[in-house]
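Report on the structure given below.
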Amino acid sequence: AEGDLVVYHWFEYMPQELLDKFTAETGINVTMDTYDSNEAMLASLKAGGMGTYDVAVPGDYMVSIMAGEGLLDTIADGELANKGNIAPEWADPSFDPGRTHSIPYQWGSTAFSVDTEAYSGDINTTDILFNPPAELSGKINMLDSQGEVMALASLHMGIPQCSTDREQLKALNEMLVNAKAHWASFNSDTAKEVLVSGDVAVGMIYDGFGAKARSEKASLQYAFPTQGYVVWMDNVVLLNDAPNRDNALKFMDFLLQPENISAVSNYARYGAGVSGVGDFLDPELATLPESNPPATAGQGAFIEVCDEATQAVYDQIWTNVKK
Amino acid sequence: MAGGAASGGSSASDTYAEARNWLLLPSWVVLSIFVLAPVLMMLVYSFLTKEFRGGVIWEFSLNAYDQFFFDRGLFGDEAPKIEWTYIAIFWRSIWQAGAATILSLIIGFPTAYFIATRPEKSRAMWVFLITIPYWVNLLIRTVSMKFLLRDQGPLNDFLINIGLIDSPLHIINTNLAVQLGLFYSYLPFMVLPIYASVERYNFALSEAAADLYATKWVTLRRILLPTVKPGVIAGCILVFVPSLGAFLAPDLLGGAKNFMIGSLIEEQFKGNAGNWPFGAAASMILLTMVLIILLIFARQQRKAEAVS
Amino acid sequence: MNDDTQIAVDVRDAVKRYGDFTALQKISLGIRDNEFFTLLGPSGCGKTTLLRMIAGFEDVTEGAIFLYGDEIATLPPHQRPVNTVFQNYALFPHMTVLDNVGFGLEMRGASKADARKKAGEMLDLVQLTQFAARKPSQLSGGQQQRVALARALAPSPKVLLLDEPLSALDLKLRKAMQIELKHIQRETGITFIFVTHDQEEALTMSDRIAVMSAGSMQQLGEPKDIYESPRNMFVADFIGETNLLEVSVDAINDGRAVCHLGGGHELTCNAVDEVGVGSTVHMSVRPERLFLSDEPTESESLKGTVVENIFIGTDITTIIDLNEGPNFTVRTSNSDRGTKRIFDPGTEAYVNMEAGSARLLVD
Amino acid sequence: MNDDTQIAVDVRDAVKRYGDFTALQKISLGIRDNEFFTLLGPSGCGKTTLLRMIAGFEDVTEGAIFLYGDEIATLPPHQRPVNTVFQNYALFPHMTVLDNVGFGLEMRGASKADARKKAGEMLDLVQLTQFAARKPSQLSGGQQQRVALARALAPSPKVLLLDEPLSALDLKLRKAMQIELKHIQRETGITFIFVTHDQEEALTMSDRIAVMSAGSMQQLGEPKDIYESPRNMFVADFIGETNLLEVSVDAINDGRAVCHLGGGHELTCNAVDEVGVGSTVHMSVRPERLFLSDEPTESESLKGTVVENIFIGTDITTIIDLNEGPNFTVRTSNSDRGTKRIFDPGTEAYVNMEAGSARLLVD
Amino acid sequence: MSAKTDVKTYPGFKFMTLLCLVILYAPLVVVTVYSFNASKSITVWEGLSLRWYVDVFVGPESGKFKQAAINSFTIAIVAATISTTIATTAATAIVRGGKFRLRTASLGLISLPLMVPEIVTAVALLIFYNSVGFTRGYLTILVAHIAFCIPFAYLPIQARMQGIEDTFEQAAMDLYATKAQAFRRVLLPLMMPGIISGFLLAFIVSLDDFIITNFVKGAGVETLPTAIFGSVKQGLKPNIMAISTMLLSVSIVMVTISYFVSKSDNTK
Ligand SMILES: Nc1ncnc2c1ncn2[C@@H]1O[C@H](COP(=O)(O)OP(=O)(O)OP(=O)(O)O)[C@@H](O)[C@H]1O
Ligand SMILES: Nc1ncnc2c1ncn2[C@@H]1O[C@H](COP(=O)(O)OP(=O)(O)OP(=O)(O)O)[C@@H](O)[C@H]1O
Ligand SMILES: NCCCCN
Ligand SMILES: [Mg+2]
Ligand SMILES: [Mg+2]
């Protein structure tokens, strides 16, 4: 189909104006479908979604998974005019060496926000989620996303993300099952809404989403736990069997222009992986508390990809949590 | 409704007997290809081997059912014990659906009875009033229920304003919220079949009972209820069965915290888990349960028909 | 309580209104103890309404009802010592025949065992002992009817109400049940109030009949009185077949009225107080009170032409055209075949009746 | 085609089986042109089945049906020149009265205008012209019945089938419609095959009657024959009221059979070929053929005791116990009140009949 | 009749009925009322306004909703038309086809979509489409809707047809109509109320479906329920309430029509 582009994308992550701009520049009509977790996107693609979408926006670890599953097309040298715009630190990431399948979209962190009106103690600890003080128990929303919850839990316990140590895994299982008693709900797409509306006092959240939440409710504060937190980079990937492969490449080139990708950052409040965005960024972004970890903050960690056998154990733990 | 289509009536009129195969053909084609075949395919999938991260490998395997019924420990290498996890999820679903059913019955029976005893002219209007909300999108109804039940929602505001409570009732994200949601989703399904059978009820039976010295409540228990039992059972099934497989209410009102069967199945195909054979097996087990319930119901119905 | 011990049910000026429709207008009647009393009238005349007021299923709008001297208006149905046999029996479909019959006894506090014992006896009475364990749906119409009767009789009510209990049965069964009902009433001595719209049934079974129409009482009396001395047009027309003719009263002498039929025909009938000379009223003569002859007889005699003979088994009905006057229907019993001539259509014949066979009616 | 031009419908050895249930067993009957022919029998005896076979809604399992000499087995209903008045009329509710009546004409190829014109004439015939534009639901039962008749008559069928067309009407209306139907049949000269289970209706209206029971023909004849000379038990019992008694035949002389009733009573009746001396058979005497007297008369006379007099308007029914013998029911017409004595219960009386009143029956 | 003597009346039943109505309507009333709220926040009432209705038609999401509405209505109309036709022929065979071996099986097949829990049907269709290689999109939704609408269209049609005595067709054939003529001229007009309510039922069921559509829809092909779901997941916004209120009105209109049509019983 000449002139079409089908994007599979996170919810609330792409300003409509930017798509309109792309359409205005290229005459390509953009259709966008949304998902709320990397895993949901993968599942949907595998359940018949391949061949209908041109590009998707998986997080770092999901890029390697999708590549492993053979879902990604390879971008040949020279196919992307603006490939050179990729910031050097993101040009050769471990999840996509040489950027043969993807380009950077946005990066940020995943931790949680706390309503300081409801809790005045120290919030920079993962205990807030996994071993909360009495006044926060029952007022916690978790992201409905296995990868992020498990990664943060591993940081909380100080164990590797793909541990094969039985004792560690049992302890992780036990810790999560116990912690669940304190949680009110699992919501990803309403993560901001439940915080702003006061339904919960603590909510696991992405940094930019947390910043938006704070702008609607000032008493919310984003935490940088001393145990560490999750960092991620979302990437635009070229899908196999893309019905509009050329348009997909045009779209990627479009997003590699600093002016365009910074519009995403201004909208979603995350970092861009492209050089030269400085002039276009909202100055406020530079000083956002959500993107400036305090000195006490622990290490940021990417989510790791486990092998099948290990993953089976983690899946089992997740089921135990949600059952 | 399930019972309604299945009965088909006893009329043996045969005006169009010669043409019947042609007349039936379109329904057979469409339904066998787009409902029956998919369900059978699902049955096949439940016996296949799971592919890591979604999909199937075409190799026979009982793993899905094994996983459902047997617990081999966190690492899958212990001696099999009975797996309580999924039984518990099924049990929770049954329990939630059951609570919603009972709630619907408590409100629905008097309502159905009251409507059936209105003058004939206004009865249709009452039925109409009961059915309208059912035609509003289930999603919208569930979401508005969520809005209504929130801690700072209109219900709590109202109760606090009239002074019935001091601090908001915490309902949202609890089992009660799920039950209320299911109850609200399917209440008309309870009212309508009961209404239909009470409307057919011969009130001379109540008069006969009163004439024979029975008080109203004795009449209700000993005459009315046994006589309209088929309608009550139909209503219970029509609420129970869809509640059992529901996933909107647990997801939106229960905070997605505790799986019900519906969300467990959805999770296997659209969520993190990506275990298709297991999702298919869970679906088959759910379908089997539903069919058993319907069979019991059909038998009851036949018995009741034999009596009247 | 008071002196009317022989009055079982005393309805005094009872009125029943539904909204602004008056279903019963000031009905008064006393039903005697032990009596087989029938309410007879066309559909919608208020028979069921009256019965239901006695049973307690309808409020009395005005007036009062006494049961053996006690006012019963405020008693709910389950406290009235009155039982009903419903038109469609209203047997409890989920209970056995025995449990149906025992229900009233149980409700009155009898133990399950006692109730069953007494119920068994009632089933003996109606000859259904071997059906005790069946469900009502497994019985024929006539058997169901007897179960309904047994159920209503079991608690030994003071009065038994029967609302068209036979109307759902076919002719043969109906005749048989009429005899059985009458028999049981005599045996138990219970006062029966029986509702029907079938005149023959009413005439055959009742000690007394109340004829109703449009919510009011038309005539109350023994079957013979009502058939032979109908008080008004409605009763004459409703009970049995009759020749109803408009006549003008020409003269009244010695209690005999000379009536003019039109076409020059004249007849003499017994005068009635309400009817004076010169008035135009209706006259009724039963077809079986007429006979045909080829010569005028000494009794009242009118000349006409035979139109048609209709054979109806027991009788032959002959239609006679009186020329310019009205048509007459004459009924000749087959038992008279030896003595009476049947006139072929087209022949002339005289219609005769004994003096006093024709009756003047008030409207 | 052949010589039987006067036979309209010829049913020859027709058998109808539903699975292994035989609804009609080898029925043969010839219905004459212009005749008002009635099929009479109890519910379930096969009347409707026979009619539907003639109309073409049921196959004939064995045998054949001829219509004016032509076999019609293979013709579908819409090609048979036979129309039906259905029991519940089956008027098309979505069409006006006029369109209902015109439907058959249109289907036979008449133009819409012609169909309407002829339909209008038919409505004249049944006196419903002013209702032409109404929907059937806006008519009374009797009017609907007439529309059904007009609709069936409009295409001028050779034979008209009527399946209990009057059974849904109330008594008064029913009587009126009986007369009208008979009238229209005479006027149009169309052969009517009329189904009823009401004996009086059959007796009143028919030229000939076929009495059926359990799928087979019991008797075929004119109304009088059937009433007065029933061929067997079933017919005697089904048509009218009768005294059915078991008797043993003691002797047969000169075509007269001497029958023993039990209790020492004896009666003489006409002998019947099928019944020999010494056999035990049933005898039938109509109650209206009996009369009571205080002395024995020269005719057959049996002594007994009066049990009960039942007043039924036109007649009085007296039940007599013959002591040790059977009970007899005697019917006395009210028209004989002057000439015949009514015996009080308990008194003795003689039951008399003229010779030949009692009939021996084959089973 | 006073409540005391009337054996039909039970104390408290009226109260329960009113309670039932309050429960059924309260959430809808809330949605309707808040759709007229001037405020952007659902929690604060700032006065009456039609702003969210305007927003539905011209706001940033209006394109998405417009396309979703077009999809929903075209799918509903086509699916209801086809499923009603299929249901009508099937009902004719089952009610007027005499007794035959496949009758029970046919009835079972027709009621299958009602008996199988919706999530199971949804997943089964997903697997099915996937394995036979149907590309998910508008057509896959449409076909799924046709299939699961059949029983909803079938029920009122069958009920109606059973109420029509076969003497009507017989009378027509007796009056020289062929079977086809009897069907067209008599049976079909008499069935019309059933067919219309079957159509409306199917229409609303299709318009309303979320679960199955959500599984079988293709990329970017949204129907109103899936579009609403996408938005609702991020919180109940006033524009969603406005759309819901409009959908509610459509439903009420449809149900009202169906109610009056089914009441106009032309067999009496
Ligand atoms: N609940 C009611 N509301 C209004 N009118 C009523 C009610 N019940 C009965 N009627 C009217 O009162 C009149 C008498 O009715 P009732 O049932 O007593 O008649 P009936 O003599 O028993 O007739 P049938 O022989 O048909 O049973 C009728 O006109 C009827 O329509
Ligand atoms: N389609 C059928 N299948 C099986 N048995 C049938 C069928 N139609 C009729 N019968 C049986 O055939 C017998 C004759 O039925 P039919 O309808 O002819 O009786 P009928 O004399 O018209 O009775 P009624 O007076 O009740 O109308 C009955 O026993 C009936 O049950
Ligand atoms: N709002 C989208 C956040 C994406 C996190 N990976
Ligand atoms: Mg009545
Ligand atoms: Mg019949």
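Chain labels A, B, ... are given in the sequence in which chains occur in the structure tokens; within each chain residues are numbered consecutively from 1, and ligands are likewise numbered from 1 in the order shown.
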Chain B contacts on chain D, only C-alpha atoms, 12 Å, as a VMD selection string: chain D and resid 57 to 58 76 to 77
How would the residues just picked look written out with N, CA, C and O atoms as a short mmCIF file (atom, residue, chain, number, x, y, z; two decimals), in the first residue's frame?
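As a result, again22.cif now contains:
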data_model
loop_
_atom_site.label_atom_id
_atom_site.label_comp_id
_atom_site.auth_asym_id
_atom_site.auth_seq_id
_atom_site.Cartn_x
_atom_site.Cartn_y
_atom_site.Cartn_z
N PHE D 57 -52.74 -32.22 2.37
CA PHE D 57 -51.70 -31.90 3.34
C PHE D 57 -51.08 -33.14 3.97
O PHE D 57 -50.12 -33.06 4.71
N GLU D 58 -51.68 -34.28 3.71
CA GLU D 58 -51.11 -35.54 4.20
C GLU D 58 -51.09 -36.52 3.04
O GLU D 58 -52.02 -36.55 2.23
N PRO D 76 -50.19 -31.78 -5.58
CA PRO D 76 -49.94 -30.99 -4.37
C PRO D 76 -51.18 -30.15 -4.05
O PRO D 76 -52.01 -29.92 -4.93
N PRO D 77 -51.28 -29.71 -2.79
CA PRO D 77 -52.50 -29.01 -2.36
C PRO D 77 -52.88 -27.86 -3.30
O PRO D 77 -54.06 -27.67 -3.59
#
Counting only C-alpha atoms and all ligand atoms, which protein, DNA or RNA residues come within 9 Å of ligand 2, given as a PyMOL selection string? (chain B and resi 12-13) or (chain D and resi 16-19+21-24+39-52+58+87+163-164+195-197+212-215)
Contacts of stretch 232-246 of chain D at 7 Å (only C-alpha atoms; same-chain gap of 6+ positions) as a VMD selection string: (chain C and resid 313) or (chain D and resid 199 218 261 280 to 287 328 to 329 361 to 363)
Compile the contact shell of stretch 309-319 of chain A as a ChimeraX atom specification: residues with an atom at most 10 Å away, counting only C-alpha atoms, same-chain residues fewer than 4 positions apart removed. /A:145-147,149-150,161-166,169-170,172-174,176-177,305,323 /B:52-53,73-76,85-86,258-259,264,272-274
Could you tell me how far atom 12 (O, counted along the ligand's line) of ligand 1 lies from atom CA of C:Pro81, in Å and to one decimal?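 These two atoms are separated by 25.0 Å.
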Identify, on the basis of only C-alpha atoms, every residue whose closest approach to D:Pro296 does not exceed 8 Å; exclude the query and any residue fewer than 4 positions from it along the same chain; express the result as a PDB file with all heavy atoms, in the first residue's frame.
ATOM      1  N   SER D 301     -93.424 -53.996  29.301  1.00  0.00           N
ATOM      2  CA  SER D 301     -93.641 -53.304  30.565  1.00  0.00           C
ATOM      3  C   SER D 301     -92.775 -53.927  31.666  1.00  0.00           C
ATOM      4  O   SER D 301     -92.816 -55.137  31.866  1.00  0.00           O
ATOM      5  CB  SER D 301     -95.120 -53.420  30.931  1.00  0.00           C
ATOM      6  OG  SER D 301     -95.606 -52.233  31.433  1.00  0.00           O
ATOM      7  N   LEU D 302     -92.002 -53.091  32.376  1.00  0.00           N
ATOM      8  CA  LEU D 302     -91.115 -53.618  33.412  1.00  0.00           C
ATOM      9  C   LEU D 302     -91.363 -52.845  34.686  1.00  0.00           C
ATOM     10  O   LEU D 302     -91.421 -51.615  34.698  1.00  0.00           O
ATOM     11  CB  LEU D 302     -89.646 -53.437  32.998  1.00  0.00           C
ATOM     12  CG  LEU D 302     -89.235 -54.062  31.658  1.00  0.00           C
ATOM     13  CD1 LEU D 302     -87.893 -53.520  31.219  1.00  0.00           C
ATOM     14  CD2 LEU D 302     -89.207 -55.578  31.776  1.00  0.00           C
ATOM     15  N   LYS D 303     -91.440 -53.554  35.807  1.00  0.00           N
ATOM     16  CA  LYS D 303     -91.762 -52.887  37.058  1.00  0.00           C
ATOM     17  C   LYS D 303     -90.493 -52.421  37.784  1.00  0.00           C
ATOM     18  O   LYS D 303     -89.500 -53.154  37.824  1.00  0.00           O
ATOM     19  CB  LYS D 303     -92.553 -53.848  37.950  1.00  0.00           C
ATOM     20  CG  LYS D 303     -93.142 -53.190  39.169  1.00  0.00           C
ATOM     21  CD  LYS D 303     -94.037 -54.166  39.902  1.00  0.00           C
ATOM     22  CE  LYS D 303     -94.338 -53.667  41.304  1.00  0.00           C
ATOM     23  NZ  LYS D 303     -94.996 -54.727  42.075  1.00  0.00           N
ATOM     24  N   TYR D 350     -94.244 -48.615  36.271  1.00  0.00           N
ATOM     25  CA  TYR D 350     -93.886 -49.527  35.195  1.00  0.00           C
ATOM     26  C   TYR D 350     -93.173 -48.756  34.090  1.00  0.00           C
ATOM     27  O   TYR D 350     -93.602 -47.651  33.739  1.00  0.00           O
ATOM     28  CB  TYR D 350     -95.122 -50.230  34.628  1.00  0.00           C
ATOM     29  CG  TYR D 350     -95.636 -51.276  35.585  1.00  0.00           C
ATOM     30  CD1 TYR D 350     -96.495 -50.928  36.634  1.00  0.00           C
ATOM     31  CD2 TYR D 350     -95.217 -52.610  35.463  1.00  0.00           C
ATOM     32  CE1 TYR D 350     -96.940 -51.879  37.532  1.00  0.00           C
ATOM     33  CE2 TYR D 350     -95.665 -53.561  36.362  1.00  0.00           C
ATOM     34  CZ  TYR D 350     -96.518 -53.204  37.396  1.00  0.00           C
ATOM     35  OH  TYR D 350     -96.938 -54.138  38.284  1.00  0.00           O
ATOM     36  N   ASN D 352     -92.422 -48.605  30.255  1.00  0.00           N
ATOM     37  CA  ASN D 352     -93.042 -49.174  29.068  1.00  0.00           C
ATOM     38  C   ASN D 352     -92.343 -48.695  27.813  1.00  0.00           C
ATOM     39  O   ASN D 352     -91.777 -47.605  27.780  1.00  0.00           O
ATOM     40  CB  ASN D 352     -94.498 -48.703  28.957  1.00  0.00           C
ATOM     41  CG  ASN D 352     -95.242 -48.952  30.239  1.00  0.00           C
ATOM     42  OD1 ASN D 352     -95.614 -50.078  30.550  1.00  0.00           O
ATOM     43  ND2 ASN D 352     -95.433 -47.880  31.022  1.00  0.00           N
TER      44      ASN D 352
END
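Once D:Ile209 and its same-chain neighbours fewer than 4 positions away are set aside, Phe37, Thr38, Leu39, Leu40, Ala202, Leu203, Leu220, Gly221, Glu222, Pro223 and Ile226 of chain D remain within 8 Å of it when counting only C-alpha atoms.
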Nearest candidate to ligand 1 (options B:Asp71, B:Glu78, B:Glu120, B:Asp14; using only C-alpha atoms and all ligand atoms): B:Glu120
For stretch 100-113 of chain C: contacts at 9 Å, only C-alpha atoms, fewer than 3 positions along chain excluded, given as a ChimeraX atom specification: /B:209,211-215,218 /C:91-93,95-97,116-120,122-123,136,147-155
Requested write-out: C-alpha atoms of the selected residues, as a PDB file, in the first residue's frame:
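Result file follows (selection.pdb):
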ATOM      1  CA  ALA B 209     -52.454 -22.363  48.833  1.00  0.00           C
ATOM      2  CA  ASP B 211     -57.325 -21.023  50.405  1.00  0.00           C
ATOM      3  CA  LEU B 212     -55.780 -24.074  52.071  1.00  0.00           C
ATOM      4  CA  TYR B 213     -54.549 -21.992  55.005  1.00  0.00           C
ATOM      5  CA  ALA B 214     -50.959 -21.321  53.888  1.00  0.00           C
ATOM      6  CA  THR B 215     -49.486 -17.914  54.747  1.00  0.00           C
ATOM      7  CA  VAL B 218     -45.141 -20.491  53.201  1.00  0.00           C
TER       8      VAL B 218
ATOM      9  CA  LEU C  91     -53.306 -28.499  41.608  1.00  0.00           C
ATOM     10  CA  PHE C  92     -49.732 -28.056  42.793  1.00  0.00           C
ATOM     11  CA  PRO C  93     -47.802 -29.552  39.893  1.00  0.00           C
ATOM     12  CA  MET C  95     -46.488 -32.380  44.595  1.00  0.00           C
ATOM     13  CA  THR C  96     -47.977 -35.831  44.461  1.00  0.00           C
ATOM     14  CA  VAL C  97     -51.708 -36.281  44.566  1.00  0.00           C
ATOM     15  CA  ARG C 116     -51.343 -38.102  54.873  1.00  0.00           C
ATOM     16  CA  LYS C 117     -53.701 -40.362  56.706  1.00  0.00           C
ATOM     17  CA  LYS C 118     -56.643 -38.018  56.325  1.00  0.00           C
ATOM     18  CA  ALA C 119     -55.644 -37.289  52.724  1.00  0.00           C
ATOM     19  CA  GLY C 120     -55.709 -41.008  52.045  1.00  0.00           C
ATOM     20  CA  MET C 122     -60.292 -38.308  51.075  1.00  0.00           C
ATOM     21  CA  LEU C 123     -58.769 -40.119  48.118  1.00  0.00           C
ATOM     22  CA  PRO C 136     -51.234 -34.225  38.786  1.00  0.00           C
ATOM     23  CA  VAL C 147     -58.192 -34.489  43.300  1.00  0.00           C
ATOM     24  CA  ALA C 148     -59.122 -30.810  43.450  1.00  0.00           C
ATOM     25  CA  LEU C 149     -62.352 -31.773  45.135  1.00  0.00           C
ATOM     26  CA  ALA C 150     -60.620 -34.040  47.631  1.00  0.00           C
ATOM     27  CA  ARG C 151     -58.067 -31.344  48.400  1.00  0.00           C
ATOM     28  CA  ALA C 152     -60.750 -28.772  49.084  1.00  0.00           C
ATOM     29  CA  LEU C 153     -62.793 -31.179  51.173  1.00  0.00           C
ATOM     30  CA  ALA C 154     -59.918 -32.529  53.246  1.00  0.00           C
ATOM     31  CA  PRO C 155     -59.742 -29.693  55.796  1.00  0.00           C
TER      32      PRO C 155
END
Check which residues fall inside 9 Å of ligand 3 when counting only C-alpha atoms and all ligand atoms, and print them as a PyMOL selection string. chain A and resi 9-14+36-38+57-60+106-110+188-189+205-209+231-234+268+270
Produce a file of the selected residues containing N, CA, C and O atoms, as a short mmCIF file (atom, residue, chain, number, x, y, z; two decimals), in the first residue's frame.
data_model
loop_
_atom_site.label_atom_id
_atom_site.label_comp_id
_atom_site.auth_asym_id
_atom_site.auth_seq_id
_atom_site.Cartn_x
_atom_site.Cartn_y
_atom_site.Cartn_z
N HIS A 9 2.86 0.88 18.80
CA HIS A 9 3.52 1.81 19.68
C HIS A 9 2.94 1.74 21.09
O HIS A 9 1.83 1.31 21.30
N TRP A 10 3.76 2.21 22.03
CA TRP A 10 3.26 2.38 23.40
C TRP A 10 2.13 3.42 23.40
O TRP A 10 2.11 4.30 22.56
N PHE A 11 1.29 3.29 24.40
CA PHE A 11 0.24 4.31 24.57
C PHE A 11 0.86 5.62 25.06
O PHE A 11 1.90 5.62 25.72
N GLU A 12 0.23 6.67 24.75
CA GLU A 12 0.58 8.02 25.23
C GLU A 12 2.08 8.31 25.15
O GLU A 12 2.71 8.67 26.12
N TYR A 13 2.65 8.12 23.99
CA TYR A 13 4.10 8.18 23.90
C TYR A 13 4.52 8.95 22.66
O TYR A 13 5.68 9.16 22.41
N MET A 14 3.53 9.31 21.87
CA MET A 14 3.84 9.94 20.59
C MET A 14 2.85 11.08 20.38
O MET A 14 1.65 10.84 20.37
N ASP A 36 0.60 -1.82 26.03
CA ASP A 36 1.01 -1.26 27.31
C ASP A 36 2.14 -2.03 27.98
O ASP A 36 2.47 -1.76 29.12
N SER A 37 2.69 -3.02 27.30
CA SER A 37 3.93 -3.62 27.83
C SER A 37 4.67 -4.29 26.68
O SER A 37 4.06 -4.66 25.68
N ASN A 38 5.96 -4.42 26.88
CA ASN A 38 6.77 -5.08 25.86
C ASN A 38 6.26 -6.48 25.58
O ASN A 38 6.22 -6.93 24.44
N VAL A 57 8.00 -0.38 18.81
CA VAL A 57 8.91 0.38 19.66
C VAL A 57 9.25 -0.40 20.93
O VAL A 57 8.81 -0.07 22.02
N PRO A 58 9.98 -1.49 20.80
CA PRO A 58 10.32 -2.29 21.98
C PRO A 58 11.39 -1.63 22.83
O PRO A 58 12.20 -0.86 22.32
N GLY A 59 11.40 -1.99 24.09
CA GLY A 59 12.47 -1.58 24.99
C GLY A 59 13.71 -2.40 24.68
O GLY A 59 13.67 -3.40 23.95
N ASP A 60 14.82 -1.96 25.29
CA ASP A 60 16.11 -2.58 25.06
C ASP A 60 16.12 -4.10 25.02
O ASP A 60 16.37 -4.73 24.00
N GLN A 106 13.50 6.76 22.82
CA GLN A 106 13.60 7.53 24.06
C GLN A 106 14.25 6.66 25.10
O GLN A 106 14.23 5.44 25.02
N TRP A 107 14.86 7.28 26.08
CA TRP A 107 15.35 6.49 27.19
C TRP A 107 14.96 7.14 28.50
O TRP A 107 14.67 8.33 28.57
N GLY A 108 14.95 6.32 29.51
CA GLY A 108 14.57 6.84 30.82
C GLY A 108 14.73 5.78 31.87
O GLY A 108 15.44 4.79 31.68
N SER A 109 14.02 5.98 32.98
CA SER A 109 14.15 5.03 34.08
C SER A 109 12.77 4.58 34.54
O SER A 109 11.76 5.21 34.21
N THR A 110 12.76 3.47 35.25
CA THR A 110 11.53 3.02 35.88
C THR A 110 11.77 2.89 37.36
O THR A 110 12.67 2.15 37.78
N SER A 188 -0.76 -0.48 34.23
CA SER A 188 0.31 0.21 33.52
C SER A 188 -0.23 1.48 32.90
O SER A 188 0.27 2.57 33.14
N ASP A 189 -1.28 1.34 32.12
CA ASP A 189 -1.74 2.52 31.38
C ASP A 189 -2.40 3.56 32.27
O ASP A 189 -2.46 4.72 31.93
N ILE A 205 6.32 3.66 38.25
CA ILE A 205 6.07 4.52 37.09
C ILE A 205 7.37 4.81 36.35
O ILE A 205 8.46 4.65 36.92
N TYR A 206 7.26 5.18 35.11
CA TYR A 206 8.42 5.62 34.33
C TYR A 206 8.69 7.07 34.67
O TYR A 206 7.78 7.81 35.03
N ASP A 207 9.94 7.49 34.50
CA ASP A 207 10.30 8.83 34.98
C ASP A 207 9.49 9.94 34.31
O ASP A 207 8.94 10.82 34.98
N GLY A 208 9.36 9.87 32.99
CA GLY A 208 8.66 10.94 32.29
C GLY A 208 7.17 10.97 32.63
O GLY A 208 6.57 12.02 32.80
N PHE A 209 6.61 9.80 32.74
CA PHE A 209 5.21 9.67 33.11
C PHE A 209 5.01 10.22 34.53
O PHE A 209 4.05 10.92 34.83
N VAL A 231 16.77 1.13 34.22
CA VAL A 231 16.87 2.08 33.11
C VAL A 231 16.54 1.34 31.83
O VAL A 231 16.66 0.12 31.74
N TRP A 232 16.07 2.10 30.87
CA TRP A 232 15.63 1.45 29.63
C TRP A 232 15.83 2.39 28.48
O TRP A 232 15.96 3.61 28.66
N MET A 233 15.91 1.83 27.33
CA MET A 233 15.84 2.64 26.12
C MET A 233 14.86 1.98 25.18
O MET A 233 14.96 0.78 24.88
N ASP A 234 13.87 2.78 24.74
CA ASP A 234 12.94 2.27 23.73
C ASP A 234 13.50 2.59 22.35
O ASP A 234 14.12 3.63 22.15
N ALA A 268 6.78 13.58 26.02
CA ALA A 268 6.76 12.45 26.95
C ALA A 268 7.71 12.63 28.12
O ALA A 268 7.66 11.88 29.09
N TYR A 270 11.04 12.25 28.31
CA TYR A 270 12.16 11.34 28.44
C TYR A 270 13.34 11.86 27.63
O TYR A 270 13.19 12.82 26.87
#
Taking into account only C-alpha atoms, which residue in the set A:Asn178, A:Thr226, A:Asn187, A:Ser154 is nearest to chain E?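 Smallest distance to chain E is found for A:Asn187.
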How far is it from atom CA of A:Asp54 to atom CA of A:Met252, in Å with one decimal? 10.8 Å
d(atom CA of A:Ala286, atom CA of A:Gly271) in Å: 9.5 Å
Tell me as a PyMOL selection string which residues belonging to chain C come within 6 Å of chain D, counting only C-alpha atoms. chain C and resi 200+203-204+288-289+310-312+335
